[in-house]
Each structure stands twice: as C-alpha cells, then as structure tokens.
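J.: My structure file start.cif, mmCIF, C-alpha atoms and all ligand atoms, is below:
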```cif
data_start
loop_
_atom_site.label_atom_id
_atom_site.label_comp_id
_atom_site.auth_asym_id
_atom_site.auth_seq_id
_atom_site.Cartn_x
_atom_site.Cartn_y
_atom_site.Cartn_z
CA MET A 434 146.58 160.42 -5.77
CA THR A 435 148.44 161.45 -2.59
CA ARG A 436 151.02 159.36 -0.73
CA ASN A 437 148.49 158.72 2.03
CA GLU A 438 145.91 157.52 -0.47
CA ALA A 439 148.48 155.30 -2.18
CA VAL A 440 149.43 153.61 1.10
CA HIS A 441 145.77 153.22 1.98
CA SER A 442 144.85 151.52 -1.29
CA ALA A 443 147.93 149.24 -1.19
CA ARG A 444 146.99 148.27 2.36
CA GLU A 445 143.39 147.49 1.38
CA ARG A 446 144.59 145.30 -1.48
CA LEU A 447 146.96 143.37 0.83
CA VAL A 448 144.34 142.96 3.56
CA GLN A 449 141.92 141.54 0.97
CA ALA A 450 144.62 139.11 -0.13
CA GLY A 451 145.00 137.90 3.47
CA ILE A 452 148.51 139.29 4.05
CA ASP A 453 149.03 139.44 7.84
CA SER A 454 151.59 142.23 7.71
CA ALA A 455 149.53 144.38 5.30
CA VAL A 456 150.05 147.68 7.18
CA PHE A 457 153.82 147.32 7.37
CA ASP A 458 154.19 145.93 3.84
CA ALA A 459 152.08 148.66 2.23
CA ALA A 460 154.20 151.40 3.80
CA GLU A 461 157.45 149.62 2.83
CA LEU A 462 156.34 149.15 -0.79
CA CYS A 463 155.16 152.74 -1.03
CA CYS A 464 158.52 154.05 0.20
CA TYR A 465 160.33 151.73 -2.18
CA ALA A 466 158.23 152.79 -5.20
CA LEU A 467 158.72 156.48 -4.37
CA GLY A 468 162.35 156.18 -3.35
CA ILE A 469 161.68 157.86 0.00
CA THR A 470 162.18 156.95 3.68
CA LYS A 471 159.45 156.08 6.19
CA ALA A 472 160.07 159.45 7.88
CA GLU A 473 159.46 161.25 4.57
CA LEU A 474 156.31 159.23 3.98
CA ILE A 475 154.91 160.18 7.37
CA ALA A 476 156.00 163.81 7.18
CA ASP A 477 154.69 164.49 3.71
CA GLY A 478 151.61 162.32 3.17
CA ARG A 479 149.69 164.87 1.13
CA GLN A 480 152.25 165.12 -1.65
CA ASP A 481 151.15 163.76 -4.99
CA VAL A 482 152.46 160.41 -6.21
CA PRO A 483 153.85 160.80 -9.74
CA PHE A 484 152.58 158.43 -12.42
CA PRO A 485 155.58 156.06 -12.76
CA ALA A 486 155.69 155.50 -8.98
CA LYS A 487 151.95 154.85 -8.95
CA GLU A 488 152.32 152.20 -11.65
CA ALA A 489 155.30 150.67 -9.88
CA LEU A 490 153.43 150.52 -6.58
CA LEU A 491 150.47 148.82 -8.22
CA ALA A 492 152.71 146.15 -9.74
CA LEU A 493 154.57 145.60 -6.43
CA THR A 494 151.32 145.39 -4.48
CA ASN A 495 149.88 142.83 -6.88
CA LYS A 496 152.98 140.66 -6.59
CA ARG A 497 152.92 140.90 -2.80
CA ALA A 498 149.20 140.09 -2.79
CA ALA A 499 150.07 136.86 -4.65
CA GLY A 500 152.34 135.87 -1.76
CA TYR A 501 155.69 136.93 -3.24
CA PRO A 502 158.02 137.79 -0.33
CA LEU A 503 158.28 141.47 0.62
CA GLN A 504 162.04 141.03 1.10
CA TYR A 505 162.56 139.96 -2.52
CA LEU A 506 160.51 142.92 -3.75
CA LEU A 507 162.59 145.35 -1.70
CA GLY A 508 165.84 143.59 -2.67
CA GLU A 509 167.26 143.94 0.82
CA TRP A 510 166.53 143.06 4.42
CA GLU A 511 167.89 143.97 7.81
CA PHE A 512 169.78 141.50 9.97
CA TYR A 513 171.62 142.26 13.20
CA GLY A 514 171.39 146.00 12.45
CA ARG A 515 172.89 145.77 8.97
CA THR A 516 171.43 145.65 5.48
CA PHE A 517 171.74 142.52 3.34
CA ALA A 518 170.96 142.22 -0.36
CA VAL A 519 168.44 139.44 -1.05
CA GLY A 520 166.58 138.11 -4.06
CA GLU A 521 165.36 134.91 -5.64
CA GLY A 522 167.75 132.06 -5.07
CA VAL A 523 168.93 133.12 -1.61
CA LEU A 524 167.34 132.39 1.78
CA ILE A 525 166.02 135.55 3.45
CA PRO A 526 167.82 136.23 6.75
CA ARG A 527 165.51 135.52 9.72
CA GLN A 528 165.50 137.11 13.13
CA ASP A 529 165.82 133.60 14.67
CA THR A 530 169.32 133.42 13.23
CA GLU A 531 170.39 136.45 15.29
CA THR A 532 170.35 134.09 18.29
CA LEU A 533 172.89 131.87 16.53
CA CYS A 534 175.08 134.90 15.78
CA SER A 535 174.88 136.15 19.37
CA GLN A 536 176.05 132.78 20.67
CA VAL A 537 179.01 132.68 18.30
CA ILE A 538 179.90 136.31 19.02
CA SER A 539 179.93 135.78 22.79
CA PHE A 540 182.14 132.71 22.37
CA VAL A 541 184.63 134.44 20.03
CA ARG A 542 184.61 138.00 21.46
CA ASP A 543 188.03 139.56 20.82
CA LYS A 544 189.92 136.30 20.31
CA GLU A 545 191.97 135.82 17.15
CA ALA A 546 189.68 132.99 16.13
CA ALA A 547 189.21 131.26 12.79
CA VAL A 548 185.47 131.00 12.16
CA LEU A 549 183.85 128.97 9.40
CA ASP A 550 180.24 129.47 8.25
CA LEU A 551 178.88 126.49 6.30
CA CYS A 552 175.85 126.82 3.97
CA SER A 553 176.34 130.57 4.21
CA GLY A 554 173.56 131.75 1.86
CA SER A 555 173.29 135.55 2.00
CA GLY A 556 176.31 135.59 4.30
CA CYS A 557 174.35 137.16 7.14
CA ILE A 558 176.12 135.01 9.76
CA ALA A 559 179.63 135.29 8.33
CA VAL A 560 179.39 139.06 7.81
CA THR A 561 177.87 139.69 11.25
CA VAL A 562 180.48 137.61 13.11
CA SER A 563 183.30 139.15 11.11
CA LEU A 564 182.18 142.69 11.95
CA GLU A 565 181.28 142.03 15.59
CA CYS A 566 184.51 140.10 16.27
CA GLN A 567 187.18 142.29 14.74
CA ASN A 568 190.07 139.92 15.49
CA SER A 569 188.42 136.91 13.88
CA ARG A 570 189.21 135.46 10.46
CA VAL A 571 185.97 134.34 8.86
CA TYR A 572 185.48 131.84 6.03
CA ALA A 573 182.15 131.19 4.29
CA VAL A 574 181.15 128.22 2.12
CA GLU A 575 178.10 128.30 -0.16
CA LYS A 576 177.39 125.88 -3.00
CA SER A 577 174.54 127.64 -4.78
CA GLU A 578 175.50 129.66 -7.84
CA GLN A 579 172.37 131.76 -7.32
CA ALA A 580 173.13 132.54 -3.67
CA TYR A 581 176.88 133.06 -4.01
CA PRO A 582 176.72 136.50 -5.73
CA TYR A 583 174.59 137.74 -2.80
CA LEU A 584 177.17 136.43 -0.35
CA LYS A 585 179.97 138.25 -2.18
CA ARG A 586 177.92 141.44 -2.48
CA ASN A 587 176.95 141.43 1.19
CA ILE A 588 180.58 141.07 2.24
CA VAL A 589 181.57 144.07 0.11
CA GLN A 590 178.54 146.24 0.93
CA ASN A 591 179.04 145.76 4.65
CA HIS A 592 182.82 146.22 4.46
CA ALA A 593 183.40 142.84 6.08
CA SER A 594 186.49 140.76 5.74
CA VAL A 595 185.21 137.28 4.87
CA THR A 596 186.84 134.74 2.57
CA ALA A 597 184.09 133.12 0.50
CA PHE A 598 184.16 129.80 -1.35
CA LEU A 599 181.67 128.61 -3.96
CA ARG A 600 181.78 125.01 -2.75
CA ASP A 601 179.61 122.23 -1.41
CA ALA A 602 179.98 121.90 2.36
CA LEU A 603 179.11 118.19 2.05
CA ASP A 604 181.99 117.52 -0.35
CA ALA A 605 185.09 116.25 1.50
CA CYS A 606 187.31 118.13 -0.99
CA THR A 607 186.06 121.43 0.48
CA LEU A 608 187.85 120.61 3.75
CA GLU A 609 191.21 120.98 2.04
CA LEU A 610 190.56 124.67 1.30
CA ILE A 611 189.91 125.71 4.89
CA PRO A 612 192.35 125.88 7.83
CA ASP A 613 191.52 124.34 11.20
CA CYS A 614 188.91 126.42 12.98
CA ASP A 615 188.02 127.62 16.47
CA VAL A 616 184.37 127.88 15.49
CA ILE A 617 182.26 126.15 12.88
CA VAL A 618 178.77 127.61 12.54
CA SER A 619 175.89 126.68 10.28
CA ASN A 620 172.24 127.38 9.69
CA PRO A 621 171.75 124.33 7.47
CA PRO A 622 168.57 123.36 5.64
CA TYR A 623 166.48 121.60 8.29
CA LEU A 624 162.88 121.34 7.11
CA THR A 625 161.36 117.85 6.91
CA ASP A 626 159.27 116.27 4.13
CA ALA A 627 156.17 117.18 6.12
CA ASP A 628 157.34 120.81 6.56
CA MET A 629 158.00 121.12 2.83
CA ASP A 630 154.45 119.94 2.10
CA MET A 631 152.95 122.80 4.06
CA LEU A 632 155.27 125.73 3.44
CA GLN A 633 153.90 129.18 4.03
CA ARG A 634 153.15 130.79 0.64
CA GLU A 635 156.04 133.25 1.00
CA VAL A 636 158.58 130.55 1.92
CA SER A 637 157.67 128.53 -1.18
CA TYR A 638 159.40 131.26 -3.24
CA GLU A 639 162.67 130.66 -1.40
CA PRO A 640 165.20 128.10 -2.65
CA ALA A 641 164.17 124.58 -1.62
CA ASP A 642 167.87 123.66 -1.43
CA ALA A 643 168.26 126.10 1.45
CA LEU A 644 165.25 124.71 3.31
CA TYR A 645 165.03 120.95 2.84
CA GLY A 646 167.05 118.84 5.25
CA GLY A 647 165.99 115.38 4.06
CA GLU A 648 163.02 113.28 5.13
CA ASP A 649 163.54 113.94 8.86
CA GLY A 650 165.24 117.33 8.42
CA LEU A 651 168.45 116.08 10.02
CA ALA A 652 170.57 115.07 7.01
CA PHE A 653 172.84 118.12 7.19
CA TYR A 654 173.43 117.80 10.94
CA ARG A 655 174.55 114.19 10.40
CA GLU A 656 176.75 114.85 7.40
CA LEU A 657 178.24 118.20 8.38
CA THR A 658 179.13 116.97 11.87
CA ALA A 659 180.73 113.74 10.64
CA LEU A 660 182.72 115.60 8.01
CA TRP A 661 183.77 118.83 9.70
CA LYS A 662 184.44 117.79 13.33
CA ARG A 663 188.05 117.01 12.35
CA LYS A 664 188.49 120.66 11.36
CA LEU A 665 187.83 121.92 14.90
CA LYS A 666 190.89 122.93 16.89
CA PRO A 667 191.15 121.65 20.49
CA GLY A 668 188.86 123.89 22.55
CA GLY A 669 186.88 124.72 19.41
CA ARG A 670 183.11 124.69 19.18
CA LEU A 671 180.45 123.79 16.64
CA PHE A 672 177.24 125.88 16.55
CA TYR A 673 174.05 124.98 14.67
CA GLU A 674 170.69 126.65 14.23
CA LEU A 675 167.84 124.18 14.83
CA GLY A 676 164.31 123.72 13.58
CA VAL A 677 161.53 123.45 16.15
CA GLY A 678 161.91 120.33 18.32
CA GLN A 679 165.17 119.10 16.77
CA GLU A 680 167.37 119.62 19.84
CA GLN A 681 167.30 116.08 21.18
CA ALA A 682 168.07 114.40 17.87
CA VAL A 683 170.86 116.86 17.06
CA SER A 684 172.30 116.57 20.58
CA GLU A 685 172.56 112.80 19.99
CA ILE A 686 174.25 113.35 16.63
CA LEU A 687 176.80 115.68 18.25
CA GLN A 688 177.53 113.20 21.06
CA GLU A 689 177.77 110.22 18.68
CA ASN A 690 180.46 112.22 16.91
CA GLY A 691 182.43 112.61 20.14
CA LEU A 692 181.51 116.24 20.77
CA LYS A 693 181.04 117.30 24.38
CA SER A 694 179.44 119.90 26.63
CA VAL A 695 176.33 120.31 24.53
CA CYS A 696 174.60 123.63 25.15
CA GLU A 697 171.12 124.66 23.98
CA THR A 698 169.86 128.24 23.66
CA PRO A 699 166.30 129.50 23.11
CA ASP A 700 165.40 132.25 20.65
CA LEU A 701 163.27 135.28 21.55
CA CYS A 702 160.11 133.13 21.28
CA GLY A 703 161.47 130.59 23.78
CA ILE A 704 162.08 127.91 21.09
CA ILE A 705 165.40 126.04 21.43
CA ARG A 706 167.01 127.51 18.34
CA VAL A 707 170.74 127.00 18.81
CA ILE A 708 172.79 124.01 19.84
CA SER A 709 176.55 123.97 20.31
CA ALA A 710 179.16 121.48 21.42
CA GLY A 711 182.93 121.44 21.91
CA ILE A 712 185.75 119.15 20.96
N1 LIG B 1 164.00 129.08 9.31
C1 LIG B 1 163.58 128.69 7.99
C2 LIG B 1 162.07 128.54 7.97
O1 LIG B 1 161.44 128.72 8.96
C3 LIG B 1 164.29 127.43 7.57
C4 LIG B 1 165.70 127.72 7.31
C5 LIG B 1 166.53 126.51 7.34
O2 LIG B 1 166.11 125.41 6.93
N2 LIG B 1 167.72 126.67 7.82
O3 LIG B 1 161.48 128.28 6.95
#
```
Take the structure from the file and write it as structure tokens.

T.:
Amino acid sequence: MTRNEAVHSARERLVQAGIDSAVFDAAELCCYALGITKAELIADGRQDVPFPAKEALLALTNKRAAGYPLQYLLGEWEFYGRTFAVGEGVLIPRQDTETLCSQVISFVRDKEAAVLDLCSGSGCIAVTVSLECQNSRVYAVEKSEQAYPYLKRNIVQNHASVTAFLRDALDACTLELIPDCDVIVSNPPYLTDADMDMLQREVSYEPADALYGGEDGLAFYRELTALWKRKLKPGGRLFYELGVGQEQAVSEILQENGLKSVCETPDLCGIIRVISAGI
C-alpha cells in the first residue's frame, strides 16, 4: 500500500464515521504514523507504507472514527504559533483563546508586569504571554494532577519562564503564594448543565473539570472575581474568556465586585469571547 492509498483509505473510514474534518485528520494521522511531515507526504505519495506504520495508522483511524480527539492522538497541538503537548486530562487549546492572549499581550506589551493565569490547563495562555511579553513575570495556577505535568512540560518545551503552582484557584490559601499582579487572566470552565448534556463527541473525552462551570456556567466568574480582585495592583486588569452569550452576566459580576471600565472583545467568528475590567 502506498502513502496515497493509505491516506485515501483513512479518509474514507473517517468520512463514513461522520468526521467533518476527515480530509485534514487522515493526512495528519498518516504523517504521524509514518513519522513524516505534510510536505514529505505530498512530495512522495507513491512510496510504500511499511507494515508497522500501516497497523499503527489503522488503529489511529479507528480511534478517531470513534470520536476520540485528533489532538490527543497526535499528542500535541498548535496554539499562537507554538506547539503544546496535550493528552487525556488536559483541555485542548482552542483558537478562540488566542483572542484572550492577544488582549492580554496588547495590555502588557513591554511593561515589567506580573501576570497570573488561573486554571492554566496546558499552560497555553501563560506560556504565550510569557514569550510575547519578554519583560513580564508570569505565574500559572492549575489544580488538576493530570493537567499539571502538561503545564510543566509546555513551559520547558517552549523555553518559557513561567512559575507554576499545583493549586486550586478557588482556595483562598493559594492567594498567599502569589504576589500582587498587574494582570489576572483566566479561561475558566464555563459550560452550563445544558451544554454538558449535549457535548460534541470529541469534547466528551476532555476533562469535565475543565469544562463545567456550574448550573449556569458562571460559578468560576463569581468565585474567581470575588477572591482574586484583591490581588490586582492599582491600574491592573482582569481578563476572562467567555462562553457564548455570557458577556452581560459576567459584566454584572465584574461591576458588582467594584471593577470598572469593562471592555468586551469578539473572536474571529464575531462572538464576544473576552471580557476585561480594571481596578
Ligand atoms: N471552549 C470550550 C468548549 O467550547 C470550553 C472551555 C471552557 O469551559 N473554558 O467546549
């Protein structure tokens, strides 16, 4: 079987299984199984696929056809132009979250700012801000013992300077470990009960702890804001990623907590995805 034939049969299998991104996924899995790049796949499609790679590709394709996330199969995913290790137990970085990073980066720029990322997960926000804002000091808090090793690995792999804590951001004791900050940023769990009942097949493999934000999806906005606002330096700013349609409720939470100059930013799809407010 040639490389071209292998991609073709993987694609057919994924199309039959109803995978929307079948063309992309088949090529990615083929490259992964063969240990080659996309350029090599395209340039040399008539080369034979050796037996172990053929077996590996079959197993990967079957898992993907069952809805297992492509990102977990590949073990890494791209975010803001860098590669992040991912796997079961850690939320896969989403493109939506690049909007949150861009907002933080344009606020911090070259300032010597202390930046804190709460519910850090893979560390995609902390690592990105740390590398884009070279004068910043970045702290990351993550409570999950499954996610934390990915956070540590992503800091090292990307040569970022981030201080990571295996702690619960909702535990008041965690505040004592962190200095006052110019920026607090978080992509907290924000899905509602109703959202959790109709998760996309792929998302159901991701950690529920990283997705579920209480009955109305707002529990973390309430608790994080009430707890962490005292850690913001004068002139500091709090940035959150939002779920679809949460901007009004979260704006109220921010204002009830005495935060001012609320600013909302849409993502590339035009959905209000980021909210921020100052002290
Ligand atoms: N953006 C994720 C999703 O669409 C949710 C992540 C989160 O809750 N912060 O499933």

J.: Build an axis-aligned box that encloses every atom of stretch 478-487 of chain A listed in the file, pad it by 3 Å on each side, and report its centre and edge lengths in Å to one decimal, as lines of an AutoDock Vina configuration file.

T.:
```
center_x = 152.7
center_y = 160.0
center_z = -4.8
size_x = 12.0
size_y = 16.3
size_z = 21.9
```

J.: As a quick test: using only C-alpha atoms and all ligand atoms, which residues lie no more than 7 Å away from ligand LIG 1 (chain B)? Give them as an MDAnalysis selection string.

T.: chainID A and resid 527 620:624 636 643:646 676

J.: Stretch 476-536 of chain A near stretch 689-709 of chain A within 7 Å: what's each residue's closest atom pair and its distance in Å to one decimal, counting only C-alpha atoms, ordered by chain then ascending residue number, as a Markdown table?

T.:
```
| residue | atom | partner | partner_atom | distance |
| --- | --- | --- | --- | --- |
| A:Asp529 | CA | A:Asp700 | CA | 6.1 |
| A:Thr532 | CA | A:Asp700 | CA | 5.8 |
| A:Leu533 | CA | A:Val707 | CA | 5.8 |
```

J.: Considering all atoms listed in the file, can you say which of A:Ala593, A:Leu675, A:Ala602, A:Val616 comes closest to A:Ala710?

T.: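 Selected residue with least distance to A:Ala710: A:Val616.
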
J.: Please measure the separation of atom CA of A:Lys544 and atom CA of A:Leu584, giving the value in Å to one decimal.

T.: 24.3 Å

J.: Would you mind telling me which residue in A:Arg479, A:Pro485, A:Arg497, A:Lys471 lies nearest to A:Arg634 when using only C-alpha atoms?

T.: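 Ranking A:Arg479, A:Pro485, A:Arg497, A:Lys471 by distance to A:Arg634, first place goes to A:Arg497.
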
J.: Hey, can you check how far atom CA of A:Glu578 sits from atom CA of A:Gln679?

T.: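 A separation of 28.7 Å between them.
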
J.: Since the input lacks atoms, please generate N, CA and C atoms for stretch 560-585 of chain A and provide them as a CSV table (one decimal), in the frame of the given file.

T.:
```csv
chain,number,residue,atom,x,y,z
A,560,VAL,N,179.1,137.6,7.8
A,560,VAL,CA,179.4,139.1,7.8
A,560,VAL,C,179.2,139.6,9.2
A,561,THR,N,178.2,139.2,9.9
A,561,THR,CA,177.9,139.7,11.2
A,561,THR,C,179.0,139.3,12.2
A,562,VAL,N,179.4,138.0,12.2
A,562,VAL,CA,180.5,137.6,13.1
A,562,VAL,C,181.8,138.4,12.8
A,563,SER,N,182.1,138.5,11.5
A,563,SER,CA,183.3,139.2,11.1
A,563,SER,C,183.3,140.6,11.6
A,564,LEU,N,182.2,141.3,11.5
A,564,LEU,CA,182.2,142.7,12.0
A,564,LEU,C,182.1,142.9,13.5
A,565,GLU,N,181.4,141.9,14.1
A,565,GLU,CA,181.3,142.0,15.6
A,565,GLU,C,182.5,141.5,16.3
A,566,CYS,N,183.3,140.7,15.7
A,566,CYS,CA,184.5,140.1,16.3
A,566,CYS,C,185.7,140.5,15.4
A,567,GLN,N,186.2,141.7,15.7
A,567,GLN,CA,187.2,142.3,14.7
A,567,GLN,C,188.5,141.5,14.6
A,568,ASN,N,188.8,140.7,15.6
A,568,ASN,CA,190.1,139.9,15.5
A,568,ASN,C,189.9,138.5,14.9
A,569,SER,N,188.7,138.2,14.5
A,569,SER,CA,188.4,136.9,13.9
A,569,SER,C,188.8,136.9,12.4
A,570,ARG,N,189.0,135.7,11.9
A,570,ARG,CA,189.2,135.5,10.5
A,570,ARG,C,188.0,134.6,10.1
A,571,VAL,N,187.2,135.1,9.2
A,571,VAL,CA,186.0,134.3,8.9
A,571,VAL,C,186.0,133.8,7.4
A,572,TYR,N,185.6,132.5,7.3
A,572,TYR,CA,185.5,131.8,6.0
A,572,TYR,C,184.0,131.5,5.8
A,573,ALA,N,183.6,131.5,4.6
A,573,ALA,CA,182.2,131.2,4.3
A,573,ALA,C,182.1,130.2,3.1
A,574,VAL,N,181.3,129.2,3.2
A,574,VAL,CA,181.2,128.2,2.1
A,574,VAL,C,179.7,128.2,1.7
A,575,GLU,N,179.5,128.4,0.4
A,575,GLU,CA,178.1,128.3,-0.2
A,575,GLU,C,178.2,127.6,-1.5
A,576,LYS,N,177.3,126.6,-1.7
A,576,LYS,CA,177.4,125.9,-3.0
A,576,LYS,C,176.5,126.4,-4.1
A,577,SER,N,175.5,127.2,-3.8
A,577,SER,CA,174.5,127.6,-4.8
A,577,SER,C,175.1,128.8,-5.6
A,578,GLU,N,175.0,128.6,-6.9
A,578,GLU,CA,175.5,129.7,-7.8
A,578,GLU,C,174.5,130.9,-7.8
A,579,GLN,N,173.3,130.6,-7.4
A,579,GLN,CA,172.4,131.8,-7.3
A,579,GLN,C,172.6,132.6,-6.0
A,580,ALA,N,172.9,131.9,-5.0
A,580,ALA,CA,173.1,132.5,-3.7
A,580,ALA,C,174.5,133.2,-3.6
A,581,TYR,N,175.5,132.6,-4.2
A,581,TYR,CA,176.9,133.1,-4.0
A,581,TYR,C,177.1,134.5,-4.3
A,582,PRO,N,176.5,135.1,-5.5
A,582,PRO,CA,176.7,136.5,-5.7
A,582,PRO,C,176.2,137.4,-4.6
A,583,TYR,N,175.1,137.0,-3.9
A,583,TYR,CA,174.6,137.7,-2.8
A,583,TYR,C,175.6,137.7,-1.6
A,584,LEU,N,176.2,136.5,-1.4
A,584,LEU,CA,177.2,136.4,-0.4
A,584,LEU,C,178.3,137.4,-0.6
A,585,LYS,N,178.8,137.4,-1.8
A,585,LYS,CA,180.0,138.2,-2.2
A,585,LYS,C,179.6,139.7,-2.0
```
